[in-house]
$ cat structure15.txt   # compact mmCIF, C-alpha atoms (C1' of nucleotides) and all ligand atoms
# COMPACT_ATOMS: atom_id res chain seq x y z
CA MET S 15 -26.04 6.88 12.12
CA SER S 16 -25.89 5.82 15.76
CA ASP S 17 -23.36 3.33 17.04
CA GLN S 18 -26.22 1.02 17.86
CA HIS S 19 -27.41 1.09 14.30
CA ALA S 20 -23.92 0.52 12.97
CA LEU S 21 -23.49 -2.43 15.31
CA GLN S 22 -26.75 -3.88 14.07
CA GLN S 23 -25.55 -3.53 10.48
CA PHE S 24 -22.43 -5.42 11.33
CA ILE S 25 -24.37 -8.18 13.04
CA ASP S 26 -26.71 -8.42 10.07
CA PHE S 27 -23.76 -8.72 7.75
CA LEU S 28 -22.20 -11.47 9.81
CA GLN S 29 -25.46 -13.38 9.82
CA ALA S 30 -26.02 -12.89 6.12
CA GLU S 31 -22.56 -14.29 5.51
CA GLY S 32 -23.10 -17.19 7.87
CA LYS S 33 -20.37 -15.97 10.17
CA ASN S 34 -20.58 -16.42 13.89
CA ILE S 35 -21.09 -13.45 16.14
CA THR S 36 -18.14 -13.80 18.45
CA ARG S 37 -16.91 -11.72 21.31
CA GLU S 38 -13.75 -10.93 19.36
CA ARG S 39 -15.65 -9.58 16.37
CA LEU S 40 -17.98 -7.44 18.44
CA ASP S 41 -15.10 -6.22 20.56
CA ILE S 42 -13.10 -5.09 17.56
CA PHE S 43 -16.10 -3.47 15.96
CA ASN S 44 -16.77 -1.51 19.13
CA GLU S 45 -13.18 -0.44 19.26
CA VAL S 46 -13.51 0.85 15.69
CA LEU S 47 -16.57 2.86 16.66
CA HIS S 48 -14.74 4.42 19.56
CA GLN S 49 -11.73 5.48 17.56
CA LYS S 50 -11.31 9.04 16.44
CA SER S 51 -12.58 9.70 12.95
CA HIS S 52 -9.42 8.55 11.18
CA PHE S 53 -7.54 5.64 12.65
CA GLN S 54 -5.00 2.99 11.76
CA ILE S 55 -5.05 -0.76 12.21
CA LYS S 56 -2.02 -0.59 14.44
CA ASP S 57 -4.05 1.53 16.87
CA ILE S 58 -6.62 -1.23 17.14
CA ILE S 59 -3.99 -3.93 17.45
CA GLN S 60 -2.29 -1.99 20.19
CA LYS S 61 -5.52 -1.40 22.10
CA LYS S 62 -6.61 -5.00 21.79
CA SER S 63 -3.34 -6.69 22.62
CA ASN S 64 -3.27 -4.98 25.98
CA SER S 65 -6.93 -4.94 26.86
CA LYS S 66 -8.51 -7.21 29.42
CA HIS S 67 -9.75 -9.71 26.87
CA ARG S 68 -6.78 -9.59 24.55
CA ILE S 69 -7.19 -10.33 20.87
CA SER S 70 -4.47 -11.41 18.50
CA ARG S 71 -3.05 -9.42 15.64
CA ALA S 72 -4.29 -11.99 13.14
CA THR S 73 -7.85 -11.70 14.36
CA VAL S 74 -7.73 -7.91 14.24
CA TYR S 75 -6.62 -8.02 10.62
CA ARG S 76 -9.23 -10.62 9.78
CA THR S 77 -12.01 -8.66 11.42
CA ILE S 78 -11.05 -5.30 9.97
CA LYS S 79 -11.22 -6.94 6.59
CA THR S 80 -14.67 -8.28 7.39
CA ILE S 81 -15.89 -4.86 8.50
CA GLU S 82 -14.50 -3.47 5.28
CA GLU S 83 -16.36 -6.10 3.29
CA ALA S 84 -19.49 -5.14 5.17
CA GLY S 85 -18.99 -1.68 3.73
CA LEU S 86 -18.83 -0.07 7.15
CA ILE S 87 -15.27 1.20 6.96
CA LYS S 88 -12.86 2.03 4.20
CA TYR S 89 -9.36 3.42 3.98
CA ILE S 90 -7.48 6.14 2.24
CA ARG S 91 -3.73 6.48 1.84
CA THR S 92 -1.81 9.37 3.32
CA ILE S 93 1.21 11.13 1.91
CA ASN S 94 3.52 8.55 3.42
CA ASP S 95 1.34 5.84 2.02
CA GLU S 96 -0.09 4.68 5.32
CA LYS S 97 -3.58 3.25 5.39
CA ILE S 98 -5.98 5.40 7.35
CA TYR S 99 -9.42 4.01 8.03
CA GLU S 100 -12.65 5.88 8.51
CA THR S 101 -16.20 4.79 9.06
CA VAL S 102 -18.30 4.99 5.95
CA LYS S 103 -20.83 7.76 6.07
CA GLU S 104 -22.25 9.66 3.16
CA HIS S 105 -19.85 9.81 0.25
CA HIS S 106 -17.22 12.51 0.44
CA ASP S 107 -13.80 13.39 -0.82
CA HIS S 108 -10.67 14.57 0.98
CA MET S 109 -8.29 17.43 1.31
CA ILE S 110 -5.06 16.46 3.01
CA CYS S 111 -2.63 18.99 4.43
CA GLU S 112 0.92 18.24 3.38
CA VAL S 113 2.27 20.16 6.36
CA CYS S 114 0.32 18.91 9.36
CA GLY S 115 -1.32 15.83 7.90
CA LYS S 116 -4.81 17.03 8.74
CA ILE S 117 -7.56 15.30 6.77
CA MET S 118 -10.61 17.34 5.81
CA GLU S 119 -13.74 15.86 4.31
CA PHE S 120 -15.87 17.64 1.78
CA TYR S 121 -18.72 16.98 -0.55
CA ASP S 122 -19.68 18.99 -3.59
CA ARG S 123 -22.72 18.04 -5.58
CA ASP S 124 -21.63 19.86 -8.71
CA LEU S 125 -18.32 18.07 -8.68
CA GLU S 126 -20.03 14.72 -8.45
CA ASP S 127 -22.43 15.59 -11.24
CA LEU S 128 -19.62 16.72 -13.46
CA GLN S 129 -17.74 13.49 -12.89
CA ASN S 130 -20.74 11.51 -14.03
CA ILE S 131 -21.09 13.63 -17.13
CA ILE S 132 -17.44 13.04 -17.97
CA CYS S 133 -17.82 9.31 -17.47
CA ASN S 134 -20.80 9.30 -19.79
CA SER S 135 -18.81 10.94 -22.49
CA TYR S 136 -16.27 8.13 -22.20
CA HIS S 137 -18.96 5.44 -22.15
CA PHE S 138 -17.58 4.46 -18.76
CA THR S 139 -19.99 3.39 -16.03
CA PRO S 140 -18.75 4.77 -12.74
CA VAL S 141 -19.18 2.67 -9.63
CA ARG S 142 -17.16 4.54 -7.05
CA HIS S 143 -14.35 7.01 -6.95
CA THR S 144 -11.78 8.56 -4.72
CA MET S 145 -10.41 12.01 -4.94
CA LYS S 146 -7.70 13.43 -2.75
CA ILE S 147 -6.46 16.98 -2.92
CA PHE S 148 -3.10 17.51 -1.27
CA GLY S 149 -2.17 21.03 -0.27
CA ILE S 150 -1.88 23.37 2.68
CA CYS S 151 -4.64 23.89 5.20
CA GLU S 152 -5.72 27.28 6.48
CA GLY S 153 -3.99 26.85 9.81
CA CYS S 154 -0.66 25.92 8.29
CA GLN S 155 -0.80 28.84 5.88
CA LYS S 156 -1.24 31.29 8.72
CA LYS S 157 1.52 29.76 10.77
CA LYS S 158 4.04 30.19 8.00
CA MET F 30 7.89 14.47 -25.40
CA SER F 31 10.45 12.28 -27.13
CA ASP F 32 12.46 9.66 -25.29
CA GLN F 33 15.57 11.68 -26.08
CA HIS F 34 14.13 14.70 -24.40
CA ALA F 35 13.04 12.68 -21.41
CA LEU F 36 16.49 11.18 -21.11
CA GLN F 37 17.99 14.65 -21.21
CA GLN F 38 15.68 15.76 -18.42
CA PHE F 39 16.83 12.87 -16.30
CA ILE F 40 20.47 13.65 -16.97
CA ASP F 41 19.89 17.28 -16.12
CA PHE F 42 18.26 16.28 -12.87
CA LEU F 43 21.14 14.03 -11.92
CA GLN F 44 23.60 16.80 -12.61
CA ALA F 45 21.57 19.37 -10.73
CA GLU F 46 21.56 17.05 -7.74
CA GLY F 47 25.25 16.32 -8.01
CA LYS F 48 24.60 12.68 -8.76
CA ASN F 49 26.80 10.72 -11.09
CA ILE F 50 25.51 9.58 -14.44
CA THR F 51 26.13 5.88 -14.22
CA ARG F 52 25.40 3.04 -16.59
CA GLU F 53 22.97 1.56 -14.06
CA ARG F 54 20.94 4.75 -13.83
CA LEU F 55 20.74 5.26 -17.56
CA ASP F 56 19.95 1.60 -18.10
CA ILE F 57 17.05 1.65 -15.70
CA PHE F 58 15.73 4.89 -17.09
CA ASN F 59 15.78 3.45 -20.58
CA GLU F 60 13.98 0.39 -19.37
CA VAL F 61 11.29 2.65 -17.91
CA LEU F 62 10.89 4.41 -21.22
CA HIS F 63 10.46 1.14 -23.02
CA GLN F 64 7.83 -0.22 -20.70
CA LYS F 65 4.21 -0.13 -21.69
CA SER F 66 2.37 2.92 -20.42
CA HIS F 67 1.62 1.47 -16.98
CA PHE F 68 4.23 -0.71 -15.37
CA GLN F 69 5.34 -2.06 -12.03
CA ILE F 70 8.69 -2.03 -10.31
CA LYS F 71 8.80 -5.81 -10.26
CA ASP F 72 8.74 -5.75 -14.06
CA ILE F 73 11.87 -3.63 -14.10
CA ILE F 74 13.58 -5.71 -11.46
CA GLN F 75 12.79 -8.84 -13.42
CA LYS F 76 14.08 -7.40 -16.67
CA LYS F 77 17.25 -6.06 -15.10
CA SER F 78 18.19 -9.06 -13.01
CA ASN F 79 18.32 -11.22 -16.11
CA SER F 80 19.68 -8.78 -18.63
CA LYS F 81 23.21 -8.83 -19.93
CA HIS F 82 24.44 -6.17 -17.55
CA ARG F 83 22.44 -7.22 -14.53
CA ILE F 84 21.45 -4.66 -11.92
CA SER F 85 20.51 -5.39 -8.33
CA ARG F 86 17.11 -5.01 -6.82
CA ALA F 87 18.39 -2.34 -4.43
CA THR F 88 19.67 -0.21 -7.26
CA VAL F 89 16.41 -0.52 -9.17
CA TYR F 90 14.49 0.70 -6.14
CA ARG F 91 16.96 3.50 -5.56
CA THR F 92 16.84 4.63 -9.16
CA ILE F 93 13.07 4.45 -9.50
CA LYS F 94 12.89 6.69 -6.47
CA THR F 95 15.30 9.10 -8.09
CA ILE F 96 13.28 9.20 -11.30
CA GLU F 97 10.22 9.84 -9.20
CA GLU F 98 11.99 12.70 -7.44
CA ALA F 99 12.91 14.07 -10.83
CA GLY F 100 9.18 14.25 -11.48
CA LEU F 101 9.41 12.02 -14.53
CA ILE F 102 7.30 9.15 -13.22
CA LYS F 103 4.65 8.73 -10.58
CA TYR F 104 2.45 5.95 -9.38
CA ILE F 105 -1.18 5.25 -8.79
CA ARG F 106 -2.73 2.39 -6.86
CA THR F 107 -4.93 -0.18 -8.49
CA ILE F 108 -7.93 -1.96 -7.05
CA ASN F 109 -5.71 -4.55 -5.41
CA ASP F 110 -3.53 -1.80 -4.07
CA GLU F 111 -0.55 -2.46 -6.28
CA LYS F 112 1.65 0.43 -7.29
CA ILE F 113 1.46 1.11 -10.99
CA TYR F 114 3.91 3.62 -12.42
CA GLU F 115 3.42 5.84 -15.42
CA THR F 116 5.55 8.47 -17.03
CA VAL F 117 4.48 11.98 -16.14
CA LYS F 118 2.90 13.86 -18.99
CA GLU F 119 0.34 16.62 -18.67
CA HIS F 120 -1.81 16.29 -15.58
CA HIS F 121 -4.70 13.88 -15.91
CA ASP F 122 -6.97 11.72 -13.85
CA HIS F 123 -7.93 8.08 -14.18
CA MET F 124 -10.80 5.76 -14.83
CA ILE F 125 -10.05 2.19 -13.86
CA CYS F 126 -12.13 -0.74 -15.03
CA GLU F 127 -12.99 -3.08 -12.17
CA VAL F 128 -13.51 -5.93 -14.57
CA CYS F 129 -10.48 -5.95 -16.84
CA GLY F 130 -8.19 -3.60 -14.95
CA LYS F 131 -7.81 -1.25 -17.90
CA ILE F 132 -6.59 2.20 -16.95
CA MET F 133 -7.91 5.16 -18.94
CA GLU F 134 -6.56 8.66 -18.64
CA PHE F 135 -8.68 11.75 -18.97
CA TYR F 136 -8.48 15.46 -18.43
CA ASP F 137 -11.33 17.85 -17.96
CA ARG F 138 -10.68 21.52 -17.57
CA ASP F 139 -14.03 22.28 -15.93
CA LEU F 140 -13.44 19.61 -13.35
CA GLU F 141 -10.06 21.05 -12.49
CA ASP F 142 -11.47 24.56 -12.23
CA LEU F 143 -14.28 23.41 -10.01
CA GLN F 144 -11.83 21.70 -7.69
CA ASN F 145 -9.93 24.93 -7.28
CA ILE F 146 -13.09 26.83 -6.53
CA ILE F 147 -14.02 24.29 -3.87
CA CYS F 148 -10.57 24.52 -2.31
CA ASN F 149 -10.88 28.29 -2.19
CA SER F 150 -14.12 28.04 -0.32
CA TYR F 151 -12.34 25.92 2.28
CA HIS F 152 -9.35 28.27 2.45
CA PHE F 153 -7.25 25.30 1.37
CA THR F 154 -4.37 25.84 -1.04
CA PRO F 155 -4.25 22.89 -3.41
CA VAL F 156 -0.86 21.64 -4.56
CA ARG F 157 -1.72 18.44 -6.35
CA HIS F 158 -4.49 15.91 -6.42
CA THR F 159 -5.39 12.45 -7.53
CA MET F 160 -8.76 11.29 -8.65
CA LYS F 161 -9.62 7.76 -9.62
CA ILE F 162 -12.99 6.63 -10.86
CA PHE F 163 -13.56 2.91 -10.62
CA GLY F 164 -16.23 1.39 -12.80
CA ILE F 165 -16.82 -0.62 -15.93
CA CYS F 166 -15.28 0.23 -19.26
CA GLU F 167 -17.17 0.22 -22.53
CA GLY F 168 -15.67 -3.05 -23.70
CA CYS F 169 -16.55 -4.89 -20.52
CA GLN F 170 -20.10 -3.60 -20.59
CA LYS F 171 -20.66 -4.94 -24.07
CA LYS F 172 -19.14 -8.29 -23.25
CA LYS F 173 -21.56 -8.87 -20.39
C1' DC K 28 -27.95 -33.62 26.59
C1' DA K 29 -23.73 -35.57 24.54
C1' DA K 30 -21.21 -36.50 20.52
C1' DA K 31 -20.01 -34.98 16.08
C1' DT K 32 -19.08 -31.33 13.11
C1' DA K 33 -17.86 -26.76 11.83
C1' DA K 34 -15.99 -22.19 12.66
C1' DT K 35 -12.81 -19.27 14.95
C1' DT K 36 -8.81 -18.05 17.28
C1' DG K 37 -3.78 -17.36 18.61
C1' DA K 38 0.98 -18.01 17.88
C1' DG K 39 4.27 -17.96 15.02
C1' DA K 40 5.89 -18.82 10.23
C1' DT K 41 5.78 -16.86 5.79
C1' DT K 42 5.34 -13.55 2.02
C1' DG K 43 6.06 -9.27 -0.27
C1' DT K 44 7.62 -4.65 -0.58
C1' DG K 45 10.84 -1.53 0.39
C1' DT K 46 14.92 0.21 3.00
C1' DC K 47 19.46 -0.14 5.20
C1' DT K 48 24.31 -1.56 5.99
C1' DC K 49 28.72 -2.14 4.64
C1' DA K 50 32.50 -3.91 1.98
C1' DA K 51 33.95 -3.79 -2.75
C1' DT K 52 33.96 -1.31 -6.93
C1' DT K 53 33.88 2.70 -9.81
C1' DA K 54 34.11 7.64 -10.65
C1' DT K 55 35.86 12.20 -9.62
C1' DT K 56 39.04 15.39 -7.72
C1' DT K 57 43.46 16.80 -6.29
C1' DA Y 25 48.89 8.51 -9.61
C1' DA Y 26 46.99 8.92 -5.12
C1' DA Y 27 43.33 10.47 -2.34
C1' DT Y 28 38.61 11.19 -1.84
C1' DA Y 29 33.83 10.58 -2.78
C1' DA Y 30 29.87 8.22 -4.79
C1' DT Y 31 27.69 4.07 -6.19
C1' DT Y 32 26.71 -0.61 -6.26
C1' DG Y 33 25.40 -5.47 -4.84
C1' DA Y 34 24.37 -8.80 -1.51
C1' DG Y 35 22.11 -9.81 2.07
C1' DA Y 36 20.17 -8.26 6.50
C1' DC Y 37 16.37 -5.91 8.23
C1' DA Y 38 11.75 -3.68 9.00
C1' DC Y 39 7.03 -3.73 8.38
C1' DA Y 40 2.34 -4.84 6.88
C1' DA Y 41 -0.39 -8.40 5.86
C1' DT Y 42 -1.52 -13.19 5.16
C1' DC Y 43 -1.19 -18.05 6.02
C1' DT Y 44 -0.84 -22.49 8.64
C1' DC Y 45 -2.29 -25.44 11.93
C1' DA Y 46 -3.25 -27.07 16.52
C1' DA Y 47 -6.23 -25.76 20.25
C1' DT Y 48 -10.44 -23.72 21.56
C1' DT Y 49 -15.19 -22.44 21.11
C1' DA Y 50 -19.67 -22.56 18.86
C1' DT Y 51 -23.28 -24.94 16.38
C1' DT Y 52 -25.67 -28.83 14.77
C1' DT Y 53 -27.34 -33.36 15.04
C1' DG Y 54 -29.24 -37.61 16.92
MN MN S 201 -16.59 12.57 -4.76
MN MN S 202 -7.43 16.27 -12.10
ZN ZN S 203 -2.08 21.78 7.95
ZN ZN S 204 -12.87 -3.32 -18.70
$ encode --input "structure15.txt" --output "structure tokens"
Amino acid sequence: MSDQHALQQFIDFLQAEGKNITRERLDIFNEVLHQKSHFQIKDIIQKKSNSKHRISRATVYRTIKTIEEAGLIKYIRTINDEKIYETVKEHHDHMICEVCGKIMEFYDRDLEDLQNIICNSYHFTPVRHTMKIFGICEGCQKKK
Amino acid sequence: MSDQHALQQFIDFLQAEGKNITRERLDIFNEVLHQKSHFQIKDIIQKKSNSKHRISRATVYRTIKTIEEAGLIKYIRTINDEKIYETVKEHHDHMICEVCGKIMEFYDRDLEDLQNIICNSYHFTPVRHTMKIFGICEGCQKKK
DNA sequence: CAAATAATTGAGATTGTGTCTCAATTATTT
DNA sequence: AAATAATTGAGACACAATCTCAATTATTTG
């Protein structure tokens, strides 16, 4: 999904919600798109409180929440319980290295299928899920 | 595992760590055992700041952390991101109802095996994991 | 277009969770 | 019993996130 397309989705969401398309909102959304794959709100706040057209902390929080509501970003929690955001792509799960903190994404069809089967057997209708495997990544194993 | 056994485990841990076995620590641990299966720290703080032998907030936090380190409790995060503690039994995963907040525990051997296989294929050594499936429980489906 | 109305923003106050500090208390060791 | 060490409570502090409200900016209306 191109940045342009993502931007359009955000604009559509704002319009659908009757929210104005302001410079601040677009600015923050662009900043999100230009972040590395996993970022934190404080990164955005930092960037935006220095930048040419500075934006307040409150507005960053408000807008990140809006982007989240639009379903374009979501967060996971690291070992130290910090929120790490990522842009929403296809569904995937995570492996997180307990040594270096590296976050790896993976998707396994069989795993997903099996989860649904299990839910069925509990008469539970799954809507979404998160799965995080903590452990040691290849690099950190070799180093040790 | 009986409460007595759990208590003994806690005492053993304290001794192993060279920590004193104080009334406050035992009191808080007992309170944990008497909570319903999923509880929050604020519940304990509330209970203990009124009780006959009151205990300070700081000590509750300190002791909960110790019990966590002993591996006797752990927490999961709900939809609204609150920490919910549970006593550690055999490993299991969770289904959480988005309507009524009910937390169901489940264990599926095939799912666990598959996770390990996936980790292998990524040369990732798993240590622990959490998996939460959010959705709608049987009761809430019928109600609607 | 100008006035009226509505939405958004920024600054700082406030809330909530958890940790830290340090003097007083309690437990353990000598 | 005295000396030493650990623990506790109270409140200060740190931090993330939200809230309040006046000022600003955008949108709607006549
Ligand atoms: Mn998945
Ligand atoms: Mn599992
Ligand atoms: Zn690593
Ligand atoms: Zn339910």
$ residues_near_ligand --input "structure15.txt" --ligand "ligand MN 201 (chain S)" --cutoff "9 Å" --atoms "all atoms listed in the file" --output "NGL selection string"
(:S and (105-108 or 120-123 or 125-126 or 129 or 142-145)) or (:F and (160))
$ write_last_selection --input "structure15.txt" --atoms "C-alpha atoms" --output "CSV table (one decimal), keeping the file's coordinate frame"
chain,number,residue,atom,x,y,z
S,105,HIS,CA,-19.8,9.8,0.2
S,106,HIS,CA,-17.2,12.5,0.4
S,107,ASP,CA,-13.8,13.4,-0.8
S,108,HIS,CA,-10.7,14.6,1.0
S,120,PHE,CA,-15.9,17.6,1.8
S,121,TYR,CA,-18.7,17.0,-0.6
S,122,ASP,CA,-19.7,19.0,-3.6
S,123,ARG,CA,-22.7,18.0,-5.6
S,125,LEU,CA,-18.3,18.1,-8.7
S,126,GLU,CA,-20.0,14.7,-8.4
S,129,GLN,CA,-17.7,13.5,-12.9
S,142,ARG,CA,-17.2,4.5,-7.0
S,143,HIS,CA,-14.4,7.0,-7.0
S,144,THR,CA,-11.8,8.6,-4.7
S,145,MET,CA,-10.4,12.0,-4.9
F,160,MET,CA,-8.8,11.3,-8.6
$ calpha_fit_and_write --input "structure15.txt" --fixed "chain S" --moving "chain F" --output "compact mmCIF listing (two decimals) with C-alpha atoms, keeping the file's coordinate frame"
# COMPACT_ATOMS: atom_id res chain seq x y z
CA MET F 30 -25.93 7.08 12.39
CA SER F 31 -25.70 6.02 16.02
CA ASP F 32 -23.17 3.49 17.24
CA GLN F 33 -26.07 1.21 18.11
CA HIS F 34 -27.31 1.31 14.58
CA ALA F 35 -23.86 0.71 13.21
CA LEU F 36 -23.41 -2.25 15.51
CA GLN F 37 -26.71 -3.65 14.32
CA GLN F 38 -25.59 -3.31 10.72
CA PHE F 39 -22.47 -5.26 11.50
CA ILE F 40 -24.43 -7.98 13.24
CA ASP F 41 -26.82 -8.18 10.33
CA PHE F 42 -23.93 -8.54 7.95
CA LEU F 43 -22.38 -11.33 9.97
CA GLN F 44 -25.67 -13.17 10.03
CA ALA F 45 -26.28 -12.65 6.34
CA GLU F 46 -22.87 -14.14 5.66
CA GLY F 47 -23.41 -17.03 8.02
CA LYS F 48 -20.62 -15.86 10.28
CA ASN F 49 -20.79 -16.31 14.00
CA ILE F 50 -21.19 -13.33 16.28
CA THR F 51 -18.21 -13.75 18.53
CA ARG F 52 -16.88 -11.68 21.38
CA GLU F 53 -13.73 -10.94 19.37
CA ARG F 54 -15.68 -9.56 16.43
CA LEU F 55 -17.92 -7.39 18.54
CA ASP F 56 -14.98 -6.21 20.60
CA ILE F 57 -13.02 -5.11 17.58
CA PHE F 58 -16.02 -3.44 16.04
CA ASN F 59 -16.61 -1.49 19.21
CA GLU F 60 -13.00 -0.46 19.28
CA VAL F 61 -13.39 0.85 15.74
CA LEU F 62 -16.39 2.89 16.76
CA HIS F 63 -14.50 4.43 19.61
CA GLN F 64 -11.50 5.44 17.58
CA LYS F 65 -11.09 9.00 16.46
CA SER F 66 -12.45 9.66 12.99
CA HIS F 67 -9.33 8.49 11.16
CA PHE F 68 -7.44 5.56 12.57
CA GLN F 69 -4.95 2.88 11.63
CA ILE F 70 -5.02 -0.86 12.07
CA LYS F 71 -1.92 -0.75 14.24
CA ASP F 72 -3.87 1.37 16.72
CA ILE F 73 -6.48 -1.34 17.04
CA ILE F 74 -3.91 -4.09 17.27
CA GLN F 75 -2.11 -2.18 19.99
CA LYS F 76 -5.28 -1.56 21.96
CA LYS F 77 -6.45 -5.15 21.66
CA SER F 78 -3.19 -6.90 22.42
CA ASN F 79 -3.02 -5.18 25.79
CA SER F 80 -6.65 -5.08 26.73
CA LYS F 81 -8.23 -7.32 29.32
CA HIS F 82 -9.54 -9.80 26.80
CA ARG F 83 -6.62 -9.72 24.42
CA ILE F 84 -7.14 -10.48 20.75
CA SER F 85 -4.47 -11.61 18.31
CA ARG F 86 -3.10 -9.62 15.46
CA ALA F 87 -4.44 -12.15 12.96
CA THR F 88 -7.96 -11.80 14.25
CA VAL F 89 -7.78 -8.02 14.14
CA TYR F 90 -6.73 -8.14 10.50
CA ARG F 91 -9.41 -10.69 9.70
CA THR F 92 -12.12 -8.69 11.41
CA ILE F 93 -11.12 -5.34 9.94
CA LYS F 94 -11.38 -6.98 6.55
CA THR F 95 -14.83 -8.25 7.42
CA ILE F 96 -15.98 -4.82 8.54
CA GLU F 97 -14.61 -3.45 5.31
CA GLU F 98 -16.55 -6.06 3.35
CA ALA F 99 -19.63 -5.05 5.28
CA GLY F 100 -19.10 -1.59 3.83
CA LEU F 101 -18.86 0.02 7.24
CA ILE F 102 -15.28 1.23 6.99
CA LYS F 103 -12.89 2.03 4.20
CA TYR F 104 -9.40 3.37 3.92
CA ILE F 105 -7.55 6.12 2.19
CA ARG F 106 -3.81 6.53 1.78
CA THR F 107 -1.92 9.41 3.28
CA ILE F 108 1.08 11.24 1.90
CA ASN F 109 3.42 8.64 3.34
CA ASP F 110 1.25 5.92 1.92
CA GLU F 111 -0.13 4.68 5.20
CA LYS F 112 -3.61 3.22 5.28
CA ILE F 113 -5.98 5.37 7.28
CA TYR F 114 -9.42 3.95 7.98
CA GLU F 115 -12.62 5.87 8.49
CA THR F 116 -16.16 4.82 9.09
CA VAL F 117 -18.30 5.02 5.98
CA LYS F 118 -20.85 7.78 6.07
CA GLU F 119 -22.26 9.58 3.06
CA HIS F 120 -19.85 9.71 0.15
CA HIS F 121 -17.26 12.44 0.36
CA ASP F 122 -13.83 13.34 -0.88
CA HIS F 123 -10.75 14.54 0.95
CA MET F 124 -8.40 17.43 1.34
CA ILE F 125 -5.18 16.48 3.08
CA CYS F 126 -2.80 19.03 4.53
CA GLU F 127 0.79 18.33 3.54
CA VAL F 128 2.06 20.24 6.51
CA CYS F 129 0.11 18.96 9.49
CA GLY F 130 -1.49 15.87 7.99
CA LYS F 131 -5.00 17.03 8.81
CA ILE F 132 -7.69 15.28 6.79
CA MET F 133 -10.76 17.30 5.81
CA GLU F 134 -13.84 15.80 4.26
CA PHE F 135 -15.97 17.57 1.71
CA TYR F 136 -18.79 16.88 -0.67
CA ASP F 137 -19.74 18.86 -3.70
CA ARG F 138 -22.73 17.89 -5.74
CA ASP F 139 -21.62 19.75 -8.87
CA LEU F 140 -18.29 18.00 -8.80
CA GLU F 141 -19.96 14.62 -8.57
CA ASP F 142 -22.33 15.45 -11.42
CA LEU F 143 -19.50 16.65 -13.60
CA GLN F 144 -17.60 13.44 -13.00
CA ASN F 145 -20.55 11.43 -14.20
CA ILE F 146 -20.88 13.55 -17.30
CA ILE F 147 -17.20 13.02 -18.08
CA CYS F 148 -17.54 9.27 -17.60
CA ASN F 149 -20.49 9.24 -19.97
CA SER F 150 -18.46 10.94 -22.63
CA TYR F 151 -15.90 8.16 -22.31
CA HIS F 152 -18.55 5.43 -22.33
CA PHE F 153 -17.23 4.44 -18.92
CA THR F 154 -19.67 3.32 -16.23
CA PRO F 155 -18.47 4.70 -12.91
CA VAL F 156 -18.95 2.57 -9.81
CA ARG F 157 -16.99 4.45 -7.21
CA HIS F 158 -14.20 6.96 -7.04
CA THR F 159 -11.68 8.52 -4.76
CA MET F 160 -10.37 12.02 -4.97
CA LYS F 161 -7.73 13.47 -2.72
CA ILE F 162 -6.52 17.03 -2.86
CA PHE F 163 -3.19 17.60 -1.18
CA GLY F 164 -2.31 21.11 -0.14
CA ILE F 165 -2.08 23.44 2.82
CA CYS F 166 -4.87 23.92 5.30
CA GLU F 167 -6.00 27.29 6.59
CA GLY F 168 -4.31 26.87 9.95
CA CYS F 169 -0.96 25.97 8.45
CA GLN F 170 -1.09 28.90 6.06
CA LYS F 171 -1.59 31.35 8.88
CA LYS F 172 1.15 29.83 10.97
CA LYS F 173 3.73 30.32 8.23
$ interface_residues --input "structure15.txt" --of "chain F" --to "chain K" --cutoff "9 Å" --atoms "all atoms listed in the file" --output "list in words"
Asn49, Thr51, Ala87 and Tyr90 of chain F
$ interface_residues --input "structure15.txt" --of "chain Y" --to "chain S" --cutoff "9 Å" --atoms "only C-alpha atoms (C1' of nucleotides)" --output "list in words"
DA41, DT42 and DA50 of chain Y
$ residues_around --input "structure15.txt" --residues "Ala35 (chain F)" --least-positions-apart "4" --cutoff "9 Å" --atoms "all atoms listed in the file" --output "list in words"
Met30, Ser31, Phe39, Ile40, Leu62 and Leu101 of chain F
$ interface_residues --input "structure15.txt" --of "chain S" --to "chain F" --cutoff "9 Å" --atoms "only C-alpha atoms" --output "PyMOL selection string"
chain S and resi 109+111-112+120+122+124-125+128-129+132-133+136-152+155
$ atom_distance --input "structure15.txt" --atom1 "CA of Asp41 (chain F)" --atom2 "C1' of DA30 (chain Y)"
17.6 Å
$ atom_distance --input "structure15.txt" --atom1 "C1' of DC37 (chain Y)" --atom2 "CA of Thr92 (chain F)"
20.3 Å
$ axis_aligned_box --input "structure15.txt" --around "region 32-50 of chain K" --padding-each-side "8 Å" --output "JSON"
{"center_x": 6.7, "center_y": -15.6, "center_z": 9.0, "size_x": 67.6, "size_y": 47.5, "size_z": 35.2}
$ residues_around --input "structure15.txt" --residues "Ser66 (chain F)" --least-positions-apart "2" --cutoff "10 Å" --atoms "only C-alpha atoms (C1' of nucleotides)" --output "list of chain:residue names"
F:Val61, F:Leu62, F:His63, F:Gln64, F:Phe68, F:Ile113, F:Tyr114, F:Glu115, F:Thr116, F:Ile132
$ closest_residue --input "structure15.txt" --among "F:Ile57, F:Leu43, F:Ile102, F:Ile96" --to "Arg83 (chain F)" --atoms "only C-alpha atoms"
F:Ile57
